[in-house]
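**Student:** Contents are mmCIF, C-alpha atoms; file name target09.cif:
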```cif
data_work
#
loop_
_atom_site.label_atom_id
_atom_site.label_comp_id
_atom_site.auth_asym_id
_atom_site.auth_seq_id
_atom_site.Cartn_x
_atom_site.Cartn_y
_atom_site.Cartn_z
CA MET L 1131 16.62 -20.08 1.92
CA ILE L 1132 15.92 -16.39 1.41
CA PRO L 1133 12.87 -16.10 -0.86
CA GLN L 1134 12.69 -13.58 -3.68
CA THR L 1135 9.34 -12.47 -2.29
CA ASP L 1136 7.27 -13.66 0.67
CA PRO L 1137 3.56 -12.76 0.81
CA LYS L 1138 3.08 -15.00 3.83
CA ALA L 1139 5.43 -12.75 5.81
CA GLY L 1140 3.07 -9.88 5.05
CA TYR L 1141 0.17 -11.86 6.43
CA LEU L 1142 2.06 -12.84 9.58
CA ALA L 1143 3.03 -9.20 10.20
CA GLN L 1144 -0.69 -8.34 10.58
CA GLN L 1145 -2.14 -11.74 11.36
CA THR L 1146 -4.32 -10.71 14.29
CA GLU L 1147 -5.92 -7.82 12.40
CA ILE L 1148 -6.35 -9.81 9.18
CA ASP L 1149 -7.92 -12.76 10.96
CA ALA L 1150 -10.32 -10.40 12.70
CA ALA L 1151 -11.23 -8.76 9.37
CA ILE L 1152 -11.97 -12.14 7.80
CA ARG L 1153 -14.13 -13.10 10.78
CA ARG L 1154 -15.98 -9.77 10.46
CA VAL L 1155 -16.96 -10.61 6.88
CA LEU L 1156 -17.97 -14.17 7.73
CA ASP L 1157 -20.08 -12.99 10.63
CA GLY L 1158 -21.62 -10.17 8.60
CA GLY L 1159 -23.22 -12.44 5.99
CA ARG L 1160 -22.61 -10.18 2.94
CA TYR L 1161 -20.32 -12.10 0.61
CA ILE L 1162 -20.54 -10.14 -2.67
CA LEU L 1163 -19.62 -6.42 -2.79
CA GLY L 1164 -21.13 -4.59 0.20
CA ASP L 1165 -19.61 -2.28 2.80
CA GLU L 1166 -16.19 -3.94 2.89
CA VAL L 1167 -15.68 -3.37 -0.82
CA SER L 1168 -17.03 0.19 -0.83
CA GLY L 1169 -14.95 0.95 2.26
CA PHE L 1170 -11.79 -0.29 0.59
CA GLU L 1171 -12.61 1.62 -2.59
CA ALA L 1172 -12.93 4.89 -0.66
CA GLU L 1173 -9.82 4.28 1.43
CA PHE L 1174 -7.61 3.32 -1.51
CA ALA L 1175 -8.87 6.27 -3.56
CA ALA L 1176 -7.93 8.59 -0.69
CA TYR L 1177 -4.49 6.98 -0.46
CA ALA L 1178 -3.97 7.41 -4.22
CA GLY L 1179 -5.29 10.99 -4.20
CA ALA L 1180 -8.22 10.13 -6.45
CA ALA L 1181 -11.90 10.91 -6.16
CA HIS L 1182 -13.16 7.39 -6.79
CA GLY L 1183 -12.09 3.75 -6.58
CA ILE L 1184 -13.71 0.86 -8.43
CA ALA L 1185 -12.63 -2.57 -7.19
CA CYS L 1186 -12.67 -5.64 -9.41
CA ALA L 1187 -11.46 -9.23 -9.58
CA SER L 1188 -7.89 -8.73 -10.88
CA GLY L 1189 -5.40 -6.26 -12.29
CA THR L 1190 -6.02 -7.67 -15.75
CA ASP L 1191 -9.73 -7.00 -15.38
CA ALA L 1192 -8.93 -3.50 -14.14
CA LEU L 1193 -7.24 -2.78 -17.47
CA ILE L 1194 -10.01 -4.42 -19.49
CA LEU L 1195 -12.69 -2.46 -17.65
CA ALA L 1196 -10.75 0.79 -18.07
CA LEU L 1197 -10.43 0.23 -21.82
CA ARG L 1198 -14.10 -0.68 -22.13
CA ALA L 1199 -15.17 2.33 -20.09
CA LEU L 1200 -13.37 4.52 -22.64
CA GLU L 1201 -15.08 2.55 -25.46
CA ILE L 1202 -11.80 1.26 -26.84
CA GLY L 1203 -12.05 -1.95 -28.85
CA PRO L 1204 -11.88 -3.31 -32.42
CA GLY L 1205 -10.31 -0.89 -34.86
CA ASP L 1206 -8.37 0.92 -32.12
CA ALA L 1207 -4.61 0.84 -31.52
CA VAL L 1208 -3.31 0.95 -27.95
CA PHE L 1209 0.35 1.72 -27.27
CA THR L 1210 2.26 0.08 -24.44
CA VAL L 1211 5.57 -1.67 -23.74
CA SER L 1212 6.64 -5.23 -24.51
CA HIS L 1213 8.75 -5.40 -21.33
CA THR L 1214 5.88 -5.93 -18.91
CA ALA L 1215 3.74 -8.64 -17.39
CA VAL L 1216 1.80 -10.21 -20.23
CA ALA L 1217 -1.44 -9.12 -18.53
CA THR L 1218 -1.01 -5.59 -19.90
CA VAL L 1219 -1.05 -6.81 -23.49
CA ALA L 1220 -3.62 -9.56 -22.88
CA ALA L 1221 -6.06 -6.96 -21.57
CA ILE L 1222 -5.74 -4.92 -24.77
CA GLU L 1223 -6.34 -7.98 -26.94
CA LEU L 1224 -9.30 -9.09 -24.85
CA THR L 1225 -11.11 -5.86 -25.75
CA GLY L 1226 -10.51 -6.48 -29.45
CA ALA L 1227 -8.09 -3.58 -29.76
CA THR L 1228 -4.65 -3.90 -31.38
CA PRO L 1229 -1.59 -3.72 -29.10
CA VAL L 1230 1.31 -1.63 -30.40
CA LEU L 1231 4.40 -2.62 -28.43
CA LEU L 1232 7.21 -0.17 -27.78
CA ASP L 1233 10.70 -0.33 -26.35
CA VAL L 1234 11.67 0.82 -22.85
CA ASP L 1235 13.96 3.65 -21.86
CA GLY L 1236 16.88 3.43 -19.42
CA TYR L 1237 14.47 3.31 -16.47
CA TYR L 1238 12.29 0.50 -17.89
CA GLY L 1239 9.51 2.95 -18.71
CA LEU L 1240 7.93 3.53 -22.10
CA ASP L 1241 10.38 5.04 -24.63
CA VAL L 1242 8.74 8.38 -25.38
CA ALA L 1243 10.98 9.12 -28.38
CA GLN L 1244 9.87 5.89 -30.04
CA LEU L 1245 6.25 6.59 -29.14
CA GLU L 1246 6.46 9.99 -30.83
CA ALA L 1247 8.22 8.57 -33.90
CA THR L 1248 5.71 5.74 -34.27
CA LEU L 1249 2.74 8.08 -34.03
CA ALA L 1250 4.30 10.57 -36.45
CA GLN L 1251 4.67 7.83 -39.06
CA TRP L 1252 1.31 6.15 -38.46
CA PRO L 1253 -0.33 5.40 -41.83
CA ALA L 1254 -3.51 7.38 -42.41
CA ASP L 1255 -5.14 4.30 -43.95
CA ALA L 1256 -4.13 1.87 -41.18
CA ALA L 1257 -6.85 -0.54 -40.08
CA ALA L 1258 -6.31 0.39 -36.43
CA LYS L 1259 -6.46 4.03 -35.37
CA PRO L 1260 -4.41 5.30 -32.39
CA ARG L 1261 -6.70 5.70 -29.40
CA ALA L 1262 -4.82 5.19 -26.14
CA ILE L 1263 -1.51 4.78 -24.32
CA ILE L 1264 -0.96 2.43 -21.38
CA PRO L 1265 2.30 3.47 -19.70
CA VAL L 1266 3.47 0.82 -17.22
CA HIS L 1267 5.05 2.07 -14.01
CA LEU L 1268 7.38 -0.90 -13.90
CA TYR L 1269 9.30 -2.19 -10.87
CA GLY L 1270 7.94 0.63 -8.69
CA GLN L 1271 9.05 3.69 -10.66
CA ALA L 1272 6.83 6.10 -12.58
CA ALA L 1273 7.19 6.26 -16.34
CA ASP L 1274 8.04 9.62 -17.94
CA MET L 1275 4.49 10.88 -17.55
CA PRO L 1276 4.98 14.58 -18.35
CA ALA L 1277 6.40 13.65 -21.76
CA ILE L 1278 3.80 10.93 -22.33
CA ALA L 1279 0.98 13.31 -21.39
CA ALA L 1280 2.28 15.90 -23.85
CA ILE L 1281 2.33 13.35 -26.67
CA ALA L 1282 -1.14 12.10 -25.71
CA ALA L 1283 -2.49 15.64 -25.89
CA LYS L 1284 -0.81 16.24 -29.25
CA TYR L 1285 -2.37 13.13 -30.82
CA ASP L 1286 -5.65 13.17 -28.86
CA LEU L 1287 -5.01 9.86 -27.10
CA ALA L 1288 -6.42 8.64 -23.80
CA ILE L 1289 -4.00 7.57 -21.06
CA ILE L 1290 -4.68 4.57 -18.85
CA GLU L 1291 -1.89 4.21 -16.32
CA ASP L 1292 -0.85 0.70 -15.28
CA GLY L 1293 0.09 1.21 -11.64
CA SER L 1294 0.14 -2.47 -10.71
CA GLN L 1295 3.77 -2.36 -9.53
CA ALA L 1296 3.87 1.18 -8.23
CA HIS L 1297 1.26 1.84 -5.52
CA GLY L 1298 2.27 5.21 -4.08
CA ALA L 1299 5.11 6.03 -6.50
CA ARG L 1300 5.62 9.69 -7.33
CA LEU L 1301 7.38 11.77 -9.98
CA GLY L 1302 8.14 15.43 -9.43
CA GLY L 1303 6.01 15.33 -6.30
CA ILE L 1304 2.98 14.06 -8.25
CA GLY L 1305 1.62 10.60 -7.54
CA ILE L 1306 0.91 8.13 -10.30
CA GLY L 1307 -2.70 8.18 -11.38
CA HIS L 1308 -2.77 11.94 -11.91
CA TRP L 1309 -1.90 11.99 -15.61
CA GLY L 1310 -4.39 9.54 -17.07
CA ALA L 1311 -8.14 9.27 -17.44
CA LEU L 1312 -8.00 6.07 -15.37
CA THR L 1313 -5.39 4.10 -13.45
CA ALA L 1314 -5.47 0.33 -13.06
CA TYR L 1315 -3.82 -1.51 -10.17
CA SER L 1316 -3.27 -5.18 -9.48
CA LEU L 1317 -3.73 -6.41 -5.92
CA TYR L 1318 -2.09 -9.78 -6.52
CA PRO L 1319 -0.49 -11.21 -3.35
CA THR L 1320 3.08 -10.20 -4.22
CA LYS L 1321 2.26 -6.58 -5.14
CA ASN L 1322 3.19 -3.72 -2.83
CA LEU L 1323 -0.43 -3.81 -1.70
CA GLY L 1324 -1.47 -7.42 -2.10
CA ALA L 1325 -4.53 -9.45 -1.20
CA ILE L 1326 -4.46 -13.08 -0.07
CA GLY L 1327 -5.83 -14.05 -3.44
CA ASP L 1328 -6.45 -11.98 -6.55
CA GLY L 1329 -7.91 -8.52 -6.90
CA GLY L 1330 -7.70 -5.23 -8.73
CA ILE L 1331 -8.85 -1.64 -8.48
CA ILE L 1332 -9.24 1.34 -10.81
CA THR L 1333 -8.99 4.96 -9.69
CA SER L 1334 -10.85 7.76 -11.40
CA ASN L 1335 -11.59 11.46 -10.97
CA ASP L 1336 -14.57 11.34 -13.33
CA ALA L 1337 -17.98 10.54 -11.83
CA GLY L 1338 -19.41 9.45 -15.17
CA LEU L 1339 -16.57 7.02 -15.89
CA THR L 1340 -16.83 5.73 -12.34
CA GLN L 1341 -20.52 4.92 -12.76
CA ARG L 1342 -19.85 3.24 -16.09
CA LEU L 1343 -17.08 1.13 -14.54
CA LYS L 1344 -19.35 -0.01 -11.72
CA GLU L 1345 -21.94 -1.05 -14.28
CA LEU L 1346 -19.40 -2.82 -16.49
CA ARG L 1347 -17.96 -4.88 -13.63
CA GLU L 1348 -21.42 -6.33 -12.79
CA TYR L 1349 -23.14 -7.33 -16.01
CA GLY L 1350 -23.97 -3.74 -16.97
CA TRP L 1351 -26.59 -3.53 -14.23
CA ARG L 1352 -28.11 -0.22 -13.24
CA GLU L 1353 -30.85 -2.11 -11.50
CA ARG L 1354 -30.50 -5.69 -10.36
CA TYR L 1355 -30.96 -8.30 -13.09
CA VAL L 1356 -31.41 -5.68 -15.82
CA SER L 1357 -28.34 -5.01 -18.02
CA ALA L 1358 -28.38 -1.48 -19.39
CA ILE L 1359 -25.06 -2.08 -21.17
CA ALA L 1360 -23.09 -5.23 -21.99
CA GLY L 1361 -20.94 -5.89 -18.93
CA MET L 1362 -18.98 -8.68 -17.26
CA ASN L 1363 -18.58 -10.27 -13.85
CA SER L 1364 -15.51 -8.85 -12.11
CA ARG L 1365 -16.20 -8.16 -8.45
CA LEU L 1366 -13.64 -7.97 -5.66
CA ASP L 1367 -14.43 -10.51 -2.95
CA PRO L 1368 -15.39 -8.76 0.32
CA ILE L 1369 -13.02 -11.01 2.29
CA GLN L 1370 -10.17 -9.73 0.12
CA ALA L 1371 -11.44 -6.17 0.51
CA ALA L 1372 -11.38 -6.55 4.29
CA ILE L 1373 -7.84 -7.93 4.18
CA LEU L 1374 -6.74 -5.10 1.89
CA ARG L 1375 -8.21 -2.49 4.26
CA VAL L 1376 -5.96 -3.87 6.99
CA LYS L 1377 -2.89 -4.03 4.76
CA LEU L 1378 -3.49 -0.53 3.41
CA THR L 1379 -2.92 0.86 6.91
CA ARG L 1380 0.65 -0.47 6.75
CA LEU L 1381 1.45 0.37 3.12
CA ALA L 1382 3.37 3.57 3.84
CA GLN L 1383 5.48 1.73 6.43
CA ASP L 1384 6.08 -1.15 4.03
CA THR L 1385 7.08 1.26 1.28
CA ALA L 1386 9.60 2.95 3.55
CA GLN L 1387 11.05 -0.46 4.38
CA ARG L 1388 11.36 -1.36 0.69
CA GLN L 1389 13.20 1.92 0.13
CA ALA L 1390 15.53 1.19 3.05
CA ILE L 1391 16.32 -2.27 1.65
CA ALA L 1392 17.07 -0.69 -1.74
CA ARG L 1393 19.47 1.79 -0.12
CA ARG L 1394 21.20 -1.10 1.67
CA TYR L 1395 21.57 -2.96 -1.63
CA ASP L 1396 22.84 0.21 -3.33
CA ALA L 1397 25.55 0.68 -0.71
CA GLY L 1398 26.56 -2.97 -0.55
CA LEU L 1399 26.63 -3.66 -4.29
CA SER L 1400 28.20 -0.46 -5.59
CA GLY L 1401 31.57 -0.64 -7.27
CA ILE L 1402 31.22 -4.12 -8.80
CA ALA L 1403 32.54 -4.01 -12.37
CA GLY L 1404 29.87 -4.74 -14.95
CA LEU L 1405 26.98 -4.57 -12.47
CA ALA L 1406 24.36 -1.89 -13.09
CA LEU L 1407 22.12 -1.03 -10.15
CA PRO L 1408 18.63 0.51 -10.42
CA VAL L 1409 18.60 4.19 -11.34
CA SER L 1410 15.92 6.79 -10.65
CA ARG L 1411 14.57 9.51 -12.88
CA VAL L 1412 15.11 13.04 -11.66
CA GLY L 1413 12.39 13.71 -9.11
CA SER L 1414 11.35 10.07 -8.90
CA GLU L 1415 10.20 8.50 -5.63
CA GLN L 1416 10.43 4.78 -6.29
CA VAL L 1417 8.51 2.25 -4.22
CA TYR L 1418 10.70 -0.70 -5.26
CA HIS L 1419 8.25 -3.40 -6.16
CA GLN L 1420 11.41 -5.09 -7.43
CA TYR L 1421 15.12 -4.41 -7.07
CA VAL L 1422 16.40 -5.17 -10.56
CA ILE L 1423 20.10 -5.40 -11.40
CA ASP L 1424 21.72 -5.74 -14.83
CA VAL L 1425 24.81 -7.94 -15.12
CA GLY L 1426 24.82 -8.43 -18.87
CA PRO L 1427 23.78 -11.45 -20.92
CA GLU L 1428 27.13 -13.19 -20.49
CA ARG L 1429 26.94 -13.42 -16.68
CA ARG L 1430 23.25 -13.32 -15.77
CA ASP L 1431 22.45 -17.02 -15.89
CA GLY L 1432 25.67 -17.92 -14.12
CA LEU L 1433 24.84 -15.48 -11.35
CA ARG L 1434 21.34 -16.94 -11.06
CA ALA L 1435 22.77 -20.43 -10.65
CA LYS L 1436 25.22 -19.36 -7.95
CA LEU L 1437 22.57 -17.44 -6.01
CA THR L 1438 20.19 -20.37 -6.16
CA GLU L 1439 22.95 -22.69 -4.95
CA ALA L 1440 23.56 -20.31 -2.04
CA GLY L 1441 19.86 -20.34 -1.11
CA ILE L 1442 19.14 -16.84 -2.44
CA GLY L 1443 15.82 -16.54 -4.25
CA ASN L 1444 15.86 -14.65 -7.55
CA LEU L 1445 13.65 -14.16 -10.59
CA VAL L 1446 13.76 -12.66 -14.06
CA HIS L 1447 11.01 -10.13 -14.71
CA TYR L 1448 10.50 -10.86 -17.63
CA PRO L 1449 12.40 -13.67 -19.43
CA VAL L 1450 10.58 -13.43 -22.78
CA PRO L 1451 9.34 -10.09 -24.13
CA VAL L 1452 5.66 -10.20 -25.03
CA HIS L 1453 6.31 -9.62 -28.73
CA LEU L 1454 8.49 -12.76 -28.84
CA GLN L 1455 6.04 -15.03 -26.98
CA PRO L 1456 4.32 -17.64 -29.18
CA ALA L 1457 0.81 -16.41 -28.41
CA TYR L 1458 1.55 -12.87 -29.64
CA GLN L 1459 3.90 -13.28 -32.58
CA GLY L 1460 2.14 -11.82 -35.58
CA ARG L 1461 -0.74 -10.54 -33.42
CA VAL L 1462 0.80 -7.26 -32.27
CA MET L 1463 2.33 -4.27 -33.99
CA LEU L 1464 5.80 -2.98 -33.07
CA GLY L 1465 7.11 0.53 -32.68
CA GLN L 1466 9.40 2.17 -35.21
CA GLY L 1467 13.03 1.10 -34.86
CA GLY L 1468 12.69 -2.20 -32.99
CA LEU L 1469 12.81 -3.15 -29.34
CA ALA L 1470 16.54 -3.59 -28.70
CA ARG L 1471 16.55 -2.52 -25.02
CA THR L 1472 13.63 -4.81 -24.27
CA GLU L 1473 15.28 -7.82 -25.92
CA ARG L 1474 18.58 -7.17 -24.15
CA ALA L 1475 16.91 -6.73 -20.77
CA ALA L 1476 15.32 -10.18 -21.03
CA LEU L 1477 18.83 -11.67 -21.15
CA SER L 1478 20.58 -9.34 -18.69
CA ILE L 1479 18.44 -8.43 -15.69
CA LEU L 1480 17.77 -10.17 -12.41
CA SER L 1481 15.42 -9.37 -9.53
CA LEU L 1482 16.96 -9.79 -6.07
CA PRO L 1483 14.92 -10.55 -2.93
CA MET L 1484 12.59 -7.63 -2.15
CA PHE L 1485 9.75 -7.58 0.37
CA PRO L 1486 9.19 -5.41 3.45
CA GLN L 1487 9.93 -8.15 5.97
CA LEU L 1488 13.39 -8.87 4.52
CA SER L 1489 15.78 -8.39 7.45
CA ASP L 1490 19.07 -6.50 7.39
CA ALA L 1491 20.88 -9.79 7.95
CA GLN L 1492 19.11 -11.36 4.98
CA ALA L 1493 19.85 -8.35 2.77
CA ASP L 1494 23.51 -8.53 3.80
CA ALA L 1495 23.55 -12.24 2.92
CA VAL L 1496 22.18 -11.38 -0.53
CA ILE L 1497 24.84 -8.73 -0.99
CA ALA L 1498 27.62 -11.11 0.08
CA ALA L 1499 26.36 -13.83 -2.28
CA VAL L 1500 26.21 -11.44 -5.26
CA ARG L 1501 29.68 -10.09 -4.53
CA ALA L 1502 31.09 -13.59 -4.18
CA ALA L 1503 29.47 -14.72 -7.41
CA LEU L 1504 30.68 -11.74 -9.42
#
```
Show me this structure written as structure tokens.
**Tutor:**
Amino acid sequence: MIPQTDPKAGYLAQQTEIDAAIRRVLDGGRYILGDEVSGFEAEFAAYAGAAHGIACASGTDALILALRALEIGPGDAVFTVSHTAVATVAAIELTGATPVLLDVDGYYGLDVAQLEATLAQWPADAAAKPRAIIPVHLYGQAADMPAIAAIAAKYDLAIIEDGSQAHGARLGGIGIGHWGALTAYSLYPTKNLGAIGDGGIITSNDAGLTQRLKELREYGWRERYVSAIAGMNSRLDPIQAAILRVKLTRLAQDTAQRQAIARRYDAGLSGIAGLALPVSRVGSEQVYHQYVIDVGPERRDGLRAKLTEAGIGNLVHYPVPVHLQPAYQGRVMLGQGGLARTERAALSILSLPMFPQLSDAQADAVIAAVRAAL
């Protein structure tokens, strides 16, 4: 069996260092926040090219905290995509704001033409007023941030980047996190930088927002046991922070390996009729959180069955668009013109095995199985 992803392989690759980091925390006696968390915050911020890092309990909480730091809530409309992990939309709802779900472009990023059209036709008397955009850097590739930033400036909207699948991705030589007020990252075990448990982090270049985020994540405390503002409890565990500090040292190497696997897939799967391979925007440096192919709705499920039979792990990210999920029908607004690409993608795409420890022999076995099936 070749798994679709394998977080345990990431642990085994650095087992000695990770075990030592865990022991360091246990021996140190500080089990909430502390030096391990602040150390990871500083090190990740430096990696991302940001001034500050604010660690929290999950990627979902990272988005919630970012929205709350910008005082976005009831009566506000937040624009994002429907083709994403449901966490993006759940975070908006959990602040009381109204999600406005848009279609994706040909790179699975937010459709900027639809964003512009939706904003241009926004009713002046609408109950929810446009306040923010959350572009999702899906599958490891940056969204069209120059165009999104221009629209945000035109309509006076805040940008919160969702970088949960794109640690280290760049566009035009600029890393993600440089277009928005804040950037939220998940540190879930299968992410490009993943804990052995859950976690999240926000990057910021604004000292005031950073201080507000640190207060919000811990009950609104400015002094212990006294809440200056209404906050929540969302603290990254110091054991996870210590593990992440170890894994961060290998992230560039892991990213290079993901890119090498993607090139191997590109070469081995090219030329198959009806199979669309991942494409990159001009100037994009993908980090390949996933390697997503499109075989069309007629063949996708058959291909899945044959790969599974051959022992090749595979997944659909994501099988049901958020706007069609029972919990969100009637609770979200949709962009002008519908979400045709999103709805087609749910029936057509497939994620092949992708993790840094995937061997050349395993990648070749995946290629052979896909070619045989198609």
**Student:** Apply the PyMOL selection byres ((chain L and resi 1348) around 10) to the displayed file and report the matching residues as a short mmCIF file (atom, residue, chain, number, x, y, z; two decimals) with C-alpha atoms, in the coordinates of the input.
**Tutor:**
```
data_model
loop_
_atom_site.label_atom_id
_atom_site.label_comp_id
_atom_site.auth_asym_id
_atom_site.auth_seq_id
_atom_site.Cartn_x
_atom_site.Cartn_y
_atom_site.Cartn_z
CA CYS L 1186 -12.67 -5.64 -9.41
CA LEU L 1343 -17.08 1.13 -14.54
CA LYS L 1344 -19.35 -0.01 -11.72
CA GLU L 1345 -21.94 -1.05 -14.28
CA LEU L 1346 -19.40 -2.82 -16.49
CA ARG L 1347 -17.96 -4.88 -13.63
CA TYR L 1349 -23.14 -7.33 -16.01
CA GLY L 1350 -23.97 -3.74 -16.97
CA TRP L 1351 -26.59 -3.53 -14.23
CA ARG L 1352 -28.11 -0.22 -13.24
CA ARG L 1354 -30.50 -5.69 -10.36
CA TYR L 1355 -30.96 -8.30 -13.09
CA SER L 1357 -28.34 -5.01 -18.02
CA ALA L 1360 -23.09 -5.23 -21.99
CA GLY L 1361 -20.94 -5.89 -18.93
CA MET L 1362 -18.98 -8.68 -17.26
CA ASN L 1363 -18.58 -10.27 -13.85
CA SER L 1364 -15.51 -8.85 -12.11
CA ARG L 1365 -16.20 -8.16 -8.45
#
```
**Student:** From the set L:Leu1407, L:Leu1142, L:Ala1493, L:Ala1470, which residue has the shortest atom-to-atom contact distance to Asp1241 in chain L, counting only C-alpha atoms?
**Tutor:** L:Ala1470
**Student:** Nearest residue to Pro1451 in chain L out of L:Thr1438, L:Thr1135, L:Gln1271, L:Thr1214, using only C-alpha atoms?
**Tutor:**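 The closest residue to Pro1451 in chain L is L:Thr1214.
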**Student:** Using Å and a single decimal, report how far CA of Gln1389 in chain L sits from CA of Ser1414 in chain L.
**Tutor:** 12.3 Å
**Student:** List as a list in words: which residues have an atom within 9 Å of (16.9, -19.1, -2.9), counting all atoms listed in the file?
**Tutor:**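 Checking each residue against the 9 Å limit leaves Met1131, Ile1132, Pro1133, Gln1134, Leu1437, Thr1438, Glu1439, Ala1440, Gly1441, Ile1442, Gly1443, Asn1444 and Pro1483 of chain L.
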**Student:** Mind dumping the selected residues with C-alpha atoms as a PDB file, in the coordinates of the input?
**Tutor:**
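The resulting file, again-v1.pdb, is reproduced below:
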```pdb
ATOM      1  CA  MET L1131      16.620 -20.080   1.920  1.00  0.00           C
ATOM      2  CA  ILE L1132      15.920 -16.390   1.410  1.00  0.00           C
ATOM      3  CA  PRO L1133      12.870 -16.100  -0.860  1.00  0.00           C
ATOM      4  CA  GLN L1134      12.690 -13.580  -3.680  1.00  0.00           C
ATOM      5  CA  LEU L1437      22.570 -17.440  -6.010  1.00  0.00           C
ATOM      6  CA  THR L1438      20.190 -20.370  -6.160  1.00  0.00           C
ATOM      7  CA  GLU L1439      22.950 -22.690  -4.950  1.00  0.00           C
ATOM      8  CA  ALA L1440      23.560 -20.310  -2.040  1.00  0.00           C
ATOM      9  CA  GLY L1441      19.860 -20.340  -1.110  1.00  0.00           C
ATOM     10  CA  ILE L1442      19.140 -16.840  -2.440  1.00  0.00           C
ATOM     11  CA  GLY L1443      15.820 -16.540  -4.250  1.00  0.00           C
ATOM     12  CA  ASN L1444      15.860 -14.650  -7.550  1.00  0.00           C
ATOM     13  CA  PRO L1483      14.920 -10.550  -2.930  1.00  0.00           C
TER      14      PRO L1483
END
```
**Student:** Select, from L:Ile1497, L:Val1167, L:Ala1256, L:Ala1176, the residue with the minimum atom-to-atom distance to Ala1392 in chain L, counting only C-alpha atoms.
**Tutor:**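 Residue with the minimum atom-to-atom distance to Ala1392 in chain L: L:Ile1497.
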**Student:** Find the residues near Gln1144 in chain L: any atom within 12 Å, counting all atoms listed in the file, skip ones fewer than 4 places away on the same chain, and give them as a short mmCIF file (atom, residue, chain, number, x, y, z; two decimals) with C-alpha atoms, in the frame of the given file.
**Tutor:**
```
data_model
loop_
_atom_site.label_atom_id
_atom_site.label_comp_id
_atom_site.auth_asym_id
_atom_site.auth_seq_id
_atom_site.Cartn_x
_atom_site.Cartn_y
_atom_site.Cartn_z
CA PRO L 1137 3.56 -12.76 0.81
CA LYS L 1138 3.08 -15.00 3.83
CA ALA L 1139 5.43 -12.75 5.81
CA GLY L 1140 3.07 -9.88 5.05
CA ILE L 1148 -6.35 -9.81 9.18
CA ASP L 1149 -7.92 -12.76 10.96
CA ALA L 1150 -10.32 -10.40 12.70
CA ALA L 1151 -11.23 -8.76 9.37
CA ILE L 1373 -7.84 -7.93 4.18
CA LEU L 1374 -6.74 -5.10 1.89
CA ARG L 1375 -8.21 -2.49 4.26
CA VAL L 1376 -5.96 -3.87 6.99
CA LYS L 1377 -2.89 -4.03 4.76
CA LEU L 1378 -3.49 -0.53 3.41
CA THR L 1379 -2.92 0.86 6.91
CA ARG L 1380 0.65 -0.47 6.75
CA LEU L 1381 1.45 0.37 3.12
CA ASP L 1384 6.08 -1.15 4.03
CA GLN L 1487 9.93 -8.15 5.97
#
```
**Student:** So which residues touch Ile1391 in chain L within 10 Å, counting only C-alpha atoms, skipping near sequence neighbours fewer than 5 positions away, as JSON, numbers by chain?
**Tutor:** {"L": [1385, 1386, 1396, 1397, 1418, 1421, 1483, 1484, 1485, 1486, 1487, 1488, 1489, 1490, 1493, 1494]}
**Student:** Measuring between only C-alpha atoms, which one of L:Gly1226, L:Gly1460, L:Gly1189, L:Gly1270 shows the shortest distance to Ile1332 in chain L?
**Tutor:**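 With only C-alpha atoms as the atom set, the closest residue is L:Gly1189.
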**Student:** Just the number, please: distance in Å from CA of Ala1314 in chain L to CA of Ile1162 in chain L, one decimal.
**Tutor:**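 It comes out at 21.1 Å.
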**Student:** One decimal, Å: what's the distance from CA of Ala1403 in chain L over to CA of Ile1479 in chain L, could you say?
**Tutor:** 15.1 Å
**Student:** Counting all atoms listed in the file, give me one row per residue of range 1329-1414 of chain L with an atom at most 12 Å from an atom of range 1307-1310 of chain L, showing the shortest contact pair and its distance in Å to one decimal, sorted by chain then residue number, as a Markdown table.
**Tutor:**
```
| residue | atom | partner | partner_atom | distance |
| --- | --- | --- | --- | --- |
| L:Ile1331 | CA | L:Gly1307 | CA | 11.9 |
| L:Ile1332 | CA | L:Gly1307 | CA | 9.5 |
| L:Thr1333 | CA | L:Gly1307 | CA | 7.3 |
| L:Ser1334 | CA | L:Gly1307 | CA | 8.2 |
| L:Asn1335 | CA | L:His1308 | CA | 8.9 |
| L:Asp1336 | CA | L:Gly1310 | CA | 11.0 |
```
